[in-house]
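Participant: PDB, C-alpha atoms, saved as coords-v3.pdb, coming up:
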ATOM      1  CA  MET A   1       0.000   0.000   0.000
ATOM      2  CA  SER A   2       1.233   3.501  -0.851
ATOM      3  CA  ASN A   3      -0.129   6.256   1.288
ATOM      4  CA  SER A   4      -0.238  10.000   0.757
ATOM      5  CA  SER A   5       3.087  10.637   2.493
ATOM      6  CA  SER A   6       4.999   8.286   0.122
ATOM      7  CA  ILE A   7       3.697   9.927  -3.084
ATOM      8  CA  THR A   8       5.662  12.982  -4.192
ATOM      9  CA  HIS A   9       4.081  13.363  -7.629
ATOM     10  CA  PHE A  10       1.362  12.037  -9.923
ATOM     11  CA  LEU A  11       1.537  11.014 -13.577
ATOM     12  CA  LEU A  12      -1.115  12.624 -15.776
ATOM     13  CA  LEU A  13      -2.587  10.919 -18.848
ATOM     14  CA  PRO A  14      -0.920  12.239 -22.039
ATOM     15  CA  PHE A  15      -2.917  13.021 -25.149
ATOM     16  CA  THR A  16      -0.342  11.272 -27.305
ATOM     17  CA  ASP A  17       3.150   9.772 -27.152
ATOM     18  CA  THR A  18       4.109  11.011 -30.621
ATOM     19  CA  ARG A  19       6.348  14.071 -30.437
ATOM     20  CA  GLU A  20       4.829  15.850 -33.441
ATOM     21  CA  LEU A  21       1.299  15.405 -32.077
ATOM     22  CA  GLN A  22       2.438  16.644 -28.660
ATOM     23  CA  LEU A  23       3.548  19.897 -30.286
ATOM     24  CA  TRP A  24       0.238  20.122 -32.169
ATOM     25  CA  HIS A  25      -1.544  19.651 -28.829
ATOM     26  CA  PHE A  26       0.541  22.463 -27.335
ATOM     27  CA  TRP A  27      -0.326  24.897 -30.126
ATOM     28  CA  LEU A  28      -4.006  23.894 -30.103
ATOM     29  CA  PHE A  29      -4.328  24.501 -26.365
ATOM     30  CA  LEU A  30      -2.380  27.750 -26.722
ATOM     31  CA  GLY A  31      -4.873  28.952 -29.349
ATOM     32  CA  ILE A  32      -7.857  27.969 -27.192
ATOM     33  CA  SER A  33      -6.305  29.709 -24.166
ATOM     34  CA  LEU A  34      -5.695  32.921 -26.113
ATOM     35  CA  ALA A  35      -9.254  32.832 -27.472
ATOM     36  CA  ALA A  36     -10.594  32.439 -23.938
ATOM     37  CA  LEU A  37      -8.353  35.221 -22.649
ATOM     38  CA  VAL A  38      -9.322  37.673 -25.388
ATOM     39  CA  GLY A  39     -13.048  36.841 -25.382
ATOM     40  CA  ASN A  40     -13.532  36.884 -21.630
ATOM     41  CA  GLY A  41     -11.174  39.825 -21.237
ATOM     42  CA  LEU A  42     -13.265  41.894 -23.668
ATOM     43  CA  ILE A  43     -16.462  41.028 -21.793
ATOM     44  CA  ILE A  44     -14.924  41.892 -18.419
ATOM     45  CA  THR A  45     -13.452  45.182 -19.673
ATOM     46  CA  SER A  46     -16.642  46.185 -21.500
ATOM     47  CA  THR A  47     -18.810  45.420 -18.483
ATOM     48  CA  VAL A  48     -16.566  47.413 -16.150
ATOM     49  CA  CYS A  49     -15.913  50.401 -18.418
ATOM     50  CA  ILE A  50     -19.217  50.958 -20.245
ATOM     51  CA  GLN A  51     -21.856  52.551 -18.040
ATOM     52  CA  HIS A  52     -25.032  51.176 -19.603
ATOM     53  CA  LEU A  53     -23.792  47.615 -19.021
ATOM     54  CA  HIS A  54     -23.905  48.124 -15.259
ATOM     55  CA  THR A  55     -26.982  45.912 -14.888
ATOM     56  CA  PRO A  56     -27.520  42.615 -13.003
ATOM     57  CA  MET A  57     -27.341  40.497 -16.171
ATOM     58  CA  TYR A  58     -23.934  41.874 -17.172
ATOM     59  CA  PHE A  59     -22.694  41.806 -13.578
ATOM     60  CA  PHE A  60     -23.351  38.059 -13.512
ATOM     61  CA  LEU A  61     -21.812  37.705 -16.972
ATOM     62  CA  LEU A  62     -18.674  39.428 -15.662
ATOM     63  CA  ASN A  63     -18.484  36.872 -12.837
ATOM     64  CA  LEU A  64     -18.997  34.049 -15.350
ATOM     65  CA  SER A  65     -16.096  35.345 -17.445
ATOM     66  CA  LEU A  66     -13.850  35.489 -14.370
ATOM     67  CA  LEU A  67     -14.755  31.898 -13.508
ATOM     68  CA  ASP A  68     -14.146  30.757 -17.095
ATOM     69  CA  LEU A  69     -10.695  32.343 -17.095
ATOM     70  CA  GLY A  70      -9.954  30.651 -13.791
ATOM     71  CA  CYS A  71     -11.115  27.232 -15.049
ATOM     72  CA  ILE A  72      -8.997  27.246 -18.182
ATOM     73  CA  SER A  73      -5.997  28.650 -16.296
ATOM     74  CA  THR A  74      -6.209  25.770 -13.811
ATOM     75  CA  THR A  75      -6.042  22.852 -16.256
ATOM     76  CA  VAL A  76      -4.563  23.973 -19.570
ATOM     77  CA  PRO A  77      -1.131  25.500 -18.712
ATOM     78  CA  LYS A  78       0.183  22.353 -16.992
ATOM     79  CA  SER A  79      -1.039  20.170 -19.869
ATOM     80  CA  MET A  80       0.711  22.487 -22.340
ATOM     81  CA  VAL A  81       3.967  22.393 -20.372
ATOM     82  CA  ASN A  82       3.866  18.600 -20.158
ATOM     83  CA  SER A  83       3.332  18.291 -23.907
ATOM     84  CA  LEU A  84       6.081  20.786 -24.673
ATOM     85  CA  TRP A  85       8.627  19.086 -22.413
ATOM     86  CA  ASN A  86       7.403  15.528 -23.109
ATOM     87  CA  THR A  87       6.633  14.700 -19.487
ATOM     88  CA  ARG A  88       3.616  13.497 -17.482
ATOM     89  CA  ALA A  89       4.536  14.528 -13.961
ATOM     90  CA  ILE A  90       2.713  16.927 -11.656
ATOM     91  CA  SER A  91       3.833  17.467  -8.073
ATOM     92  CA  TYR A  92       1.665  16.281  -5.182
ATOM     93  CA  THR A  93       1.091  19.877  -4.084
ATOM     94  CA  GLY A  94       0.337  20.919  -7.652
ATOM     95  CA  CYS A  95      -2.223  18.133  -7.981
ATOM     96  CA  VAL A  96      -3.934  19.151  -4.739
ATOM     97  CA  ALA A  97      -4.064  22.784  -5.890
ATOM     98  CA  GLN A  98      -5.340  21.841  -9.346
ATOM     99  CA  LEU A  99      -8.102  19.632  -7.957
ATOM    100  CA  PHE A 100      -9.142  22.274  -5.429
ATOM    101  CA  PHE A 101      -9.277  25.195  -7.832
ATOM    102  CA  PHE A 102     -11.019  23.250 -10.589
ATOM    103  CA  SER A 103     -13.653  21.963  -8.151
ATOM    104  CA  PHE A 104     -14.030  25.453  -6.700
ATOM    105  CA  LEU A 105     -14.454  27.214 -10.037
ATOM    106  CA  PHE A 106     -16.586  24.461 -11.590
ATOM    107  CA  SER A 107     -19.014  24.427  -8.632
ATOM    108  CA  ALA A 108     -19.137  28.224  -8.438
ATOM    109  CA  GLU A 109     -19.878  28.437 -12.179
ATOM    110  CA  TYR A 110     -22.773  25.995 -11.907
ATOM    111  CA  SER A 111     -24.177  27.980  -8.963
ATOM    112  CA  LEU A 112     -23.778  31.190 -10.951
ATOM    113  CA  LEU A 113     -25.559  29.728 -13.996
ATOM    114  CA  THR A 114     -28.440  28.820 -11.677
ATOM    115  CA  ILE A 115     -28.541  32.403 -10.386
ATOM    116  CA  MET A 116     -28.447  33.726 -13.952
ATOM    117  CA  SER A 117     -31.533  31.662 -14.811
ATOM    118  CA  TYR A 118     -33.298  33.339 -11.874
ATOM    119  CA  ASP A 119     -32.155  36.734 -13.199
ATOM    120  CA  ARG A 120     -33.750  35.995 -16.582
ATOM    121  CA  TYR A 121     -36.901  34.715 -14.876
ATOM    122  CA  VAL A 122     -37.317  37.912 -12.855
ATOM    123  CA  ALA A 123     -36.481  40.151 -15.837
ATOM    124  CA  ILE A 124     -39.117  38.537 -18.080
ATOM    125  CA  CYS A 125     -41.788  37.235 -15.708
ATOM    126  CA  LYS A 126     -41.621  39.937 -13.002
ATOM    127  CA  PRO A 127     -40.175  43.027 -14.743
ATOM    128  CA  LEU A 128     -41.849  45.498 -12.379
ATOM    129  CA  HIS A 129     -40.070  43.902  -9.407
ATOM    130  CA  TYR A 130     -36.693  43.504 -11.137
ATOM    131  CA  GLY A 131     -35.026  46.468  -9.445
ATOM    132  CA  THR A 132     -36.330  45.376  -6.047
ATOM    133  CA  LEU A 133     -35.476  41.677  -6.248
ATOM    134  CA  LEU A 134     -32.130  42.148  -7.959
ATOM    135  CA  GLY A 135     -30.758  45.440  -6.731
ATOM    136  CA  SER A 136     -27.013  46.070  -6.602
ATOM    137  CA  ARG A 137     -26.685  44.779  -3.039
ATOM    138  CA  ALA A 138     -28.715  41.642  -3.771
ATOM    139  CA  CYS A 139     -26.580  40.922  -6.854
ATOM    140  CA  VAL A 140     -23.361  41.189  -4.852
ATOM    141  CA  HIS A 141     -24.776  38.907  -2.151
ATOM    142  CA  VAL A 142     -25.935  36.137  -4.507
ATOM    143  CA  ALA A 143     -22.704  36.291  -6.532
ATOM    144  CA  ALA A 144     -20.708  36.034  -3.303
ATOM    145  CA  ALA A 145     -22.896  33.083  -2.307
ATOM    146  CA  ALA A 146     -22.029  31.327  -5.589
ATOM    147  CA  TRP A 147     -18.290  31.858  -5.048
ATOM    148  CA  GLY A 148     -18.571  30.859  -1.384
ATOM    149  CA  THR A 149     -20.535  27.708  -2.182
ATOM    150  CA  GLY A 150     -17.897  26.666  -4.691
ATOM    151  CA  PHE A 151     -15.110  27.320  -2.199
ATOM    152  CA  LEU A 152     -16.701  25.261   0.583
ATOM    153  CA  HIS A 153     -17.598  22.462  -1.830
ATOM    154  CA  ALA A 154     -14.028  22.289  -3.142
ATOM    155  CA  LEU A 155     -12.494  22.491   0.334
ATOM    156  CA  LEU A 156     -14.630  19.594   1.572
ATOM    157  CA  HIS A 157     -13.911  17.365  -1.431
ATOM    158  CA  THR A 158     -10.185  18.164  -1.612
ATOM    159  CA  ALA A 159      -9.557  17.562   2.086
ATOM    160  CA  ASN A 160     -11.514  14.324   2.004
ATOM    161  CA  THR A 161     -10.056  13.005  -1.252
ATOM    162  CA  PHE A 162      -6.419  13.473  -0.275
ATOM    163  CA  SER A 163      -6.926  12.145   3.254
ATOM    164  CA  LEU A 164      -7.697   8.673   1.885
ATOM    165  CA  PRO A 165      -4.935   6.020   1.715
ATOM    166  CA  ARG A 166      -3.883   5.083  -1.815
ATOM    167  CA  CYS A 167      -3.318   1.571  -3.126
ATOM    168  CA  GLY A 168      -3.404   2.221  -6.876
ATOM    169  CA  GLY A 169      -0.097   3.947  -7.529
ATOM    170  CA  ASN A 170       0.182   7.492  -8.856
ATOM    171  CA  ALA A 171      -0.949   7.270 -12.517
ATOM    172  CA  VAL A 172      -4.027   9.477 -13.074
ATOM    173  CA  GLU A 173      -6.263   8.526 -16.019
ATOM    174  CA  GLN A 174      -6.965  12.157 -16.906
ATOM    175  CA  PHE A 175      -4.958  15.096 -18.261
ATOM    176  CA  PHE A 176      -5.518  17.000 -15.007
ATOM    177  CA  CYS A 177      -6.172  16.065 -11.378
ATOM    178  CA  GLU A 178      -9.882  15.406 -10.923
ATOM    179  CA  ILE A 179     -11.793  13.881  -7.995
ATOM    180  CA  PRO A 180     -13.083  10.633  -9.633
ATOM    181  CA  HIS A 181      -9.650   9.772 -11.037
ATOM    182  CA  ILE A 182      -7.815  10.480  -7.782
ATOM    183  CA  LEU A 183     -10.409   8.342  -5.960
ATOM    184  CA  LYS A 184      -9.597   5.432  -8.284
ATOM    185  CA  LEU A 185      -6.133   5.401  -6.751
ATOM    186  CA  SER A 186      -7.567   5.007  -3.239
ATOM    187  CA  CYS A 187      -8.072   1.712  -1.478
ATOM    188  CA  SER A 188     -11.504   0.277  -2.318
ATOM    189  CA  HIS A 189     -12.527  -0.015   1.338
ATOM    190  CA  SER A 190     -11.626   3.573   2.223
ATOM    191  CA  TYR A 191     -13.528   5.871  -0.110
ATOM    192  CA  ASN A 192     -17.127   5.212   0.982
ATOM    193  CA  ARG A 193     -17.043   8.489   2.893
ATOM    194  CA  GLU A 194     -16.111  10.473  -0.230
ATOM    195  CA  VAL A 195     -18.671   8.593  -2.324
ATOM    196  CA  GLY A 196     -21.326   9.693   0.173
ATOM    197  CA  ILE A 197     -20.238  13.316  -0.247
ATOM    198  CA  ILE A 198     -20.350  12.936  -4.037
ATOM    199  CA  VAL A 199     -23.896  11.552  -3.871
ATOM    200  CA  PHE A 200     -24.931  14.486  -1.670
ATOM    201  CA  SER A 201     -23.328  16.910  -4.171
ATOM    202  CA  ALA A 202     -25.141  15.162  -7.014
ATOM    203  CA  PHE A 203     -28.476  15.814  -5.315
ATOM    204  CA  LEU A 204     -27.563  19.491  -4.946
ATOM    205  CA  TYR A 205     -26.563  19.693  -8.624
ATOM    206  CA  PHE A 206     -29.798  18.001  -9.596
ATOM    207  CA  GLY A 207     -31.733  20.522  -7.490
ATOM    208  CA  CYS A 208     -30.021  23.380  -9.340
ATOM    209  CA  PHE A 209     -30.822  21.708 -12.644
ATOM    210  CA  VAL A 210     -34.502  21.392 -11.721
ATOM    211  CA  PHE A 211     -34.519  25.065 -10.693
ATOM    212  CA  ILE A 212     -33.079  26.064 -14.079
ATOM    213  CA  VAL A 213     -35.609  23.927 -15.987
ATOM    214  CA  VAL A 214     -38.574  25.285 -13.998
ATOM    215  CA  SER A 215     -37.326  28.858 -14.498
ATOM    216  CA  TYR A 216     -37.128  28.416 -18.263
ATOM    217  CA  VAL A 217     -40.528  26.772 -18.468
ATOM    218  CA  GLN A 218     -41.959  29.884 -16.824
ATOM    219  CA  ILE A 219     -39.850  32.141 -19.056
ATOM    220  CA  PHE A 220     -40.999  30.494 -22.292
ATOM    221  CA  ARG A 221     -44.617  30.633 -21.179
ATOM    222  CA  ALA A 222     -44.266  34.353 -20.478
ATOM    223  CA  VAL A 223     -42.424  35.059 -23.747
ATOM    224  CA  LEU A 224     -45.032  33.286 -25.853
ATOM    225  CA  ARG A 225     -47.672  35.584 -24.345
ATOM    226  CA  ILE A 226     -45.846  38.722 -25.559
ATOM    227  CA  PRO A 227     -48.022  40.146 -28.364
ATOM    228  CA  SER A 228     -45.321  41.727 -30.551
ATOM    229  CA  GLU A 229     -42.870  39.635 -32.544
ATOM    230  CA  GLN A 230     -40.084  42.132 -31.844
ATOM    231  CA  GLY A 231     -40.693  41.810 -28.097
ATOM    232  CA  ARG A 232     -40.587  38.023 -28.275
ATOM    233  CA  HIS A 233     -37.384  38.120 -30.302
ATOM    234  CA  LYS A 234     -35.698  40.470 -27.817
ATOM    235  CA  ALA A 235     -36.765  38.323 -24.852
ATOM    236  CA  PHE A 236     -35.549  35.137 -26.506
ATOM    237  CA  SER A 237     -32.222  36.709 -27.495
ATOM    238  CA  THR A 238     -31.390  37.457 -23.844
ATOM    239  CA  CYS A 239     -32.254  33.899 -22.757
ATOM    240  CA  LEU A 240     -31.020  31.613 -25.523
ATOM    241  CA  SER A 241     -27.356  32.493 -24.938
ATOM    242  CA  HIS A 242     -27.586  31.523 -21.289
ATOM    243  CA  LEU A 243     -29.568  28.396 -22.155
ATOM    244  CA  ALA A 244     -26.913  27.355 -24.690
ATOM    245  CA  VAL A 245     -24.123  27.797 -22.132
ATOM    246  CA  VAL A 246     -26.070  25.804 -19.528
ATOM    247  CA  SER A 247     -26.792  23.026 -22.044
ATOM    248  CA  VAL A 248     -23.120  22.615 -22.978
ATOM    249  CA  PHE A 249     -22.064  22.757 -19.339
ATOM    250  CA  VAL A 250     -24.632  20.240 -18.063
ATOM    251  CA  THR A 251     -24.552  17.712 -20.927
ATOM    252  CA  THR A 252     -20.764  17.392 -21.121
ATOM    253  CA  GLY A 253     -20.350  17.354 -17.333
ATOM    254  CA  THR A 254     -23.129  14.790 -16.861
ATOM    255  CA  PHE A 255     -21.776  12.525 -19.588
ATOM    256  CA  THR A 256     -18.295  12.693 -18.050
ATOM    257  CA  TYR A 257     -19.418  11.537 -14.618
ATOM    258  CA  LEU A 258     -22.320   9.237 -15.587
ATOM    259  CA  LYS A 259     -21.182   7.613 -18.852
ATOM    260  CA  PRO A 260     -21.624   3.804 -18.944
ATOM    261  CA  HIS A 261     -18.520   1.684 -18.334
ATOM    262  CA  SER A 262     -19.225  -0.153 -21.593
ATOM    263  CA  ILE A 263     -18.263   2.933 -23.620
ATOM    264  CA  SER A 264     -15.498   4.147 -21.310
ATOM    265  CA  SER A 265     -12.013   4.495 -22.762
ATOM    266  CA  PRO A 266      -9.045   6.766 -21.998
ATOM    267  CA  PHE A 267      -9.337   8.535 -25.367
ATOM    268  CA  LEU A 268     -13.084   9.145 -25.000
ATOM    269  CA  GLY A 269     -12.509  10.383 -21.467
ATOM    270  CA  LEU A 270      -9.918  12.871 -22.711
ATOM    271  CA  VAL A 271     -12.182  14.163 -25.483
ATOM    272  CA  VAL A 272     -15.179  14.631 -23.168
ATOM    273  CA  SER A 273     -13.071  16.256 -20.454
ATOM    274  CA  VAL A 274     -11.744  18.764 -23.003
ATOM    275  CA  LEU A 275     -15.333  19.495 -24.089
ATOM    276  CA  TYR A 276     -16.468  20.406 -20.583
ATOM    277  CA  SER A 277     -13.301  21.884 -19.046
ATOM    278  CA  VAL A 278     -11.419  23.584 -21.901
ATOM    279  CA  VAL A 279     -13.835  24.444 -24.719
ATOM    280  CA  PRO A 280     -16.606  26.289 -22.763
ATOM    281  CA  PRO A 281     -14.357  29.117 -21.467
ATOM    282  CA  ALA A 282     -13.359  29.833 -25.069
ATOM    283  CA  VAL A 283     -16.811  29.588 -26.685
ATOM    284  CA  ASN A 284     -18.960  31.173 -23.936
ATOM    285  CA  PRO A 285     -17.984  34.753 -24.913
ATOM    286  CA  LEU A 286     -18.802  33.931 -28.542
ATOM    287  CA  ILE A 287     -22.194  32.461 -27.591
ATOM    288  CA  TYR A 288     -23.143  35.521 -25.562
ATOM    289  CA  SER A 289     -21.927  38.067 -28.116
ATOM    290  CA  LEU A 290     -23.623  36.374 -31.080
ATOM    291  CA  ARG A 291     -27.095  36.673 -29.537
ATOM    292  CA  ASN A 292     -26.658  39.982 -27.735
ATOM    293  CA  GLN A 293     -26.558  43.091 -29.896
ATOM    294  CA  GLU A 294     -25.998  45.353 -26.889
ATOM    295  CA  LEU A 295     -22.889  43.402 -25.893
ATOM    296  CA  LYS A 296     -21.609  43.331 -29.480
ATOM    297  CA  ASP A 297     -21.987  47.097 -29.741
ATOM    298  CA  ALA A 298     -20.189  47.576 -26.408
ATOM    299  CA  VAL A 299     -17.270  45.338 -27.421
ATOM    300  CA  ARG A 300     -17.051  47.071 -30.809
ATOM    301  CA  LYS A 301     -17.017  50.450 -29.079
ATOM    302  CA  LEU A 302     -14.297  49.303 -26.690
ATOM    303  CA  VAL A 303     -12.113  47.848 -29.452
ATOM    304  CA  THR A 304     -12.546  50.987 -31.573
ATOM    305  CA  ALA A 305     -11.551  53.191 -28.647
ATOM    306  CA  CYS A 306      -8.469  51.054 -27.952
ATOM    307  CA  VAL A 307      -7.392  51.058 -31.616
ATOM    308  CA  SER A 308      -7.904  54.832 -31.816
ATOM    309  CA  ALA A 309      -5.821  55.335 -28.678
ATOM    310  CA  VAL A 310      -3.012  53.185 -30.090
ATOM    311  CA  MET A 311      -3.077  55.038 -33.426
ATOM    312  CA  ARG A 312      -2.962  58.426 -31.673
ATOM    313  CA  CYS A 313      -0.048  57.195 -29.595
ATOM    314  CA  LEU A 314       1.818  56.027 -32.703
ATOM    315  CA  PHE A 315       1.230  59.327 -34.504
ATOM    316  CA  SER A 316       2.289  61.258 -31.405
ATOM    317  CA  SER A 317       5.455  59.181 -31.110
ATOM    318  CA  ALA A 318       6.240  59.810 -34.755
ATOM    319  CA  LYS A 319       5.929  63.546 -34.167
ATOM    320  CA  GLY A 320       8.045  63.372 -31.023
ATOM    321  CA  SER A 321       5.258  64.312 -28.599
ATOM    322  CA  GLN A 322       3.987  62.283 -25.632
ATOM    323  CA  CYS A 323       1.023  59.876 -25.830
ATOM    324  CA  ARG A 324      -2.184  60.709 -23.965
TER     325      ARG A 324
END
Show the structure stored in the file as structure tokens.
Facilitator:
Amino acid sequence: MSNSSSITHFLLLPFTDTRELQLWHFWLFLGISLAALVGNGLIITSTVCIQHLHTPMYFFLLNLSLLDLGCISTTVPKSMVNSLWNTRAISYTGCVAQLFFFSFLFSAEYSLLTIMSYDRYVAICKPLHYGTLLGSRACVHVAAAAWGTGFLHALLHTANTFSLPRCGGNAVEQFFCEIPHILKLSCSHSYNREVGIIVFSAFLYFGCFVFIVVSYVQIFRAVLRIPSEQGRHKAFSTCLSHLAVVSVFVTTGTFTYLKPHSISSPFLGLVVSVLYSVVPPAVNPLIYSLRNQELKDAVRKLVTACVSAVMRCLFSSAKGSQCR
């Protein structure tokens, strides 16, 4: 038996053993990371700098972008480094940190998506009470609750997972440290406690899912009663982006944790884990901007202002004067 104190590092599952494909993997993940950084960075900057975006919906979208940046920054850089240097190792401390932060950000994002469904419900079904139910203080409180819930959830799982004795070596069947794959390394008689916590978490996740479904049933009923086609289109455009993000998040995450053993394979596990942990942070900004004209106009305004400032600076430098 190998316990926690005798393990100094873990071995992550590589995407490939071929050197050329490892470099392709590095450049692919670099491109996805840059797309996530630019997309979420534009949303964060636009939401902070442009006054008319200081509304509850964009405040929650700002938090979602922060969580997406955190998620992709937790898993992707180490995988890129391992592919670049042709290694599989991650330190014990690094694995603990990676598992904690991914669990924290993943749980907080799911809580935030649930809150965002409530925001859309209030905006469409109870518009006269929107300012009262979701004032600035209420928004800060519920966003803090989402972050706090994720933190406590991750702290509980991380402490419990790494307190279990390990009998299965140190090879993790995933490209990053994740609770189910670390549990597989534990002795079979010792992880009943963690399984109980996972079942409890699953019930909480299911409760959030039911809340989201009920909210959207009420939203669609209210939208279909709007007499004007333009009004229905505007209402749908503010909801479909969020619904698309939730659908990608829930379906890929559910398939990862509940897929039948008959179709389980390391390659399939890698593909699905990329779909729910790497791709969403890059595509979420695109999903929101495609359906939201107000956000597209704000981002365009921000980019235009930045380009104009750079051009003025270049012209000023050419003339020998200082940039302003």
Participant: At what distance in Å, to one decimal, does atom CA of Cys177 of chain A lie from atom CA of His9 of chain A?
Facilitator: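 Interatomic distance, atom CA of His9 of chain A to atom CA of Cys177 of chain A: 11.2 Å.
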Participant: Which is closest to Thr114 of chain A among A:Phe176, A:Phe203, A:Tyr216, A:Tyr58, if we use all atoms listed in the file?
Facilitator: A:Tyr216
Participant: Can you work out the spacing between atom CA of Val76 of chain A and atom CA of Ala202 of chain A in Å, to one decimal?
Facilitator: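 Result for atom CA of Val76 of chain A versus atom CA of Ala202 of chain A: 25.7 Å, one decimal.
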Participant: What separation in Å, quoted to one decimal, exists between atom CA of Ile115 of chain A and atom CA of Tyr288 of chain A?
Facilitator: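 Atom-to-atom, atom CA of Ile115 of chain A to atom CA of Tyr288 of chain A, that is 16.4 Å.
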Participant: Show which residues sit within 9 Å of Ser273 of chain A, as a CSV table (one decimal) with C-alpha atoms, keeping the file's coordinate frame. Count all atoms listed in the file, and ignore same-chain residues fewer than 6 positions away.
Facilitator:
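The result, stored in around.csv:
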chain,number,residue,atom,x,y,z
A,174,GLN,CA,-7.0,12.2,-16.9
A,175,PHE,CA,-5.0,15.1,-18.3
A,252,THR,CA,-20.8,17.4,-21.1
A,253,GLY,CA,-20.4,17.4,-17.3
A,256,THR,CA,-18.3,12.7,-18.0
Participant: The PyMOL selection byres ((chain A and resi 11) around 6) - which residues does that actually catch in the file I just gave you? List them as a ChimeraX atom specification.
Facilitator: /A:10,12,88-89,171-172
Participant: Counting only C-alpha atoms, which of A:Leu28, A:Leu183, A:Cys71, A:Leu270 gets nearest to Leu105 of chain A?
Facilitator: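 Selected residue with least distance to Leu105 of chain A: A:Cys71.
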Participant: Show which residues sit within 12 Å of Tyr130 of chain A, as number ranges by chain. Count all atoms listed in the file, and ignore same-chain residues fewer than 3 positions away.
Facilitator: A: 55-57, 118-127, 133-136, 138-139
Participant: Kindly indicate which residue among A:Asn160, A:Leu13, A:Ile7, A:Arg166 lies nearest to Lys78 of chain A, using all atoms listed in the file for the distances.
Facilitator: A:Leu13
Participant: Evaluate the PyMOL selection byres ((chain A and resi 75) around 12) against this structure - the residues, as a PyMOL selection string, please.
Facilitator: chain A and resi 12+29+33+68-74+76-82+90+94-95+97-103+105-106+174-178+273-274+276-279+281
Participant: Find the residues around Phe209 of chain A up to 10 Å (all atoms listed in the file counted), leave out those fewer than 3 positions away in its own chain, and share them as a CSV table (one decimal) with C-alpha atoms, keeping the file's coordinate frame.
Facilitator:
chain,number,residue,atom,x,y,z
A,110,TYR,CA,-22.8,26.0,-11.9
A,111,SER,CA,-24.2,28.0,-9.0
A,113,LEU,CA,-25.6,29.7,-14.0
A,114,THR,CA,-28.4,28.8,-11.7
A,203,PHE,CA,-28.5,15.8,-5.3
A,204,LEU,CA,-27.6,19.5,-4.9
A,205,TYR,CA,-26.6,19.7,-8.6
A,206,PHE,CA,-29.8,18.0,-9.6
A,212,ILE,CA,-33.1,26.1,-14.1
A,213,VAL,CA,-35.6,23.9,-16.0
A,214,VAL,CA,-38.6,25.3,-14.0
A,215,SER,CA,-37.3,28.9,-14.5
A,246,VAL,CA,-26.1,25.8,-19.5
A,250,VAL,CA,-24.6,20.2,-18.1
Participant: Could you check which of A:Leu152, A:Leu164, A:Leu84, A:Leu128 is closest to Gln22 of chain A, using all atoms listed in the file?
Facilitator: A:Leu84
Participant: Name the residues captured by the PyMOL selection byres ((chain A and resi 237-245) around 6) when it is applied to the shown file; answer as a ChimeraX atom specification.
Facilitator: /A:234-236,246-248,287-288,291
Participant: Compare A:Leu155, A:Ile197, A:Phe15, A:His25 by their minimum atom-to-atom distance to Val271 of chain A, counting all atoms listed in the file, and give me the closest one.
Facilitator: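 Ranking A:Leu155, A:Ile197, A:Phe15, A:His25 by distance to Val271 of chain A, first place goes to A:Phe15.
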Participant: Rank A:Val303, A:Lys296, A:Pro14, A:Ala282 by their smallest atom-to-atom distance to Ala35 of chain A, using all atoms listed in the file, and report the top residue only.
Facilitator: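 Of the candidates, the smallest distance to Ala35 of chain A is held by A:Ala282.
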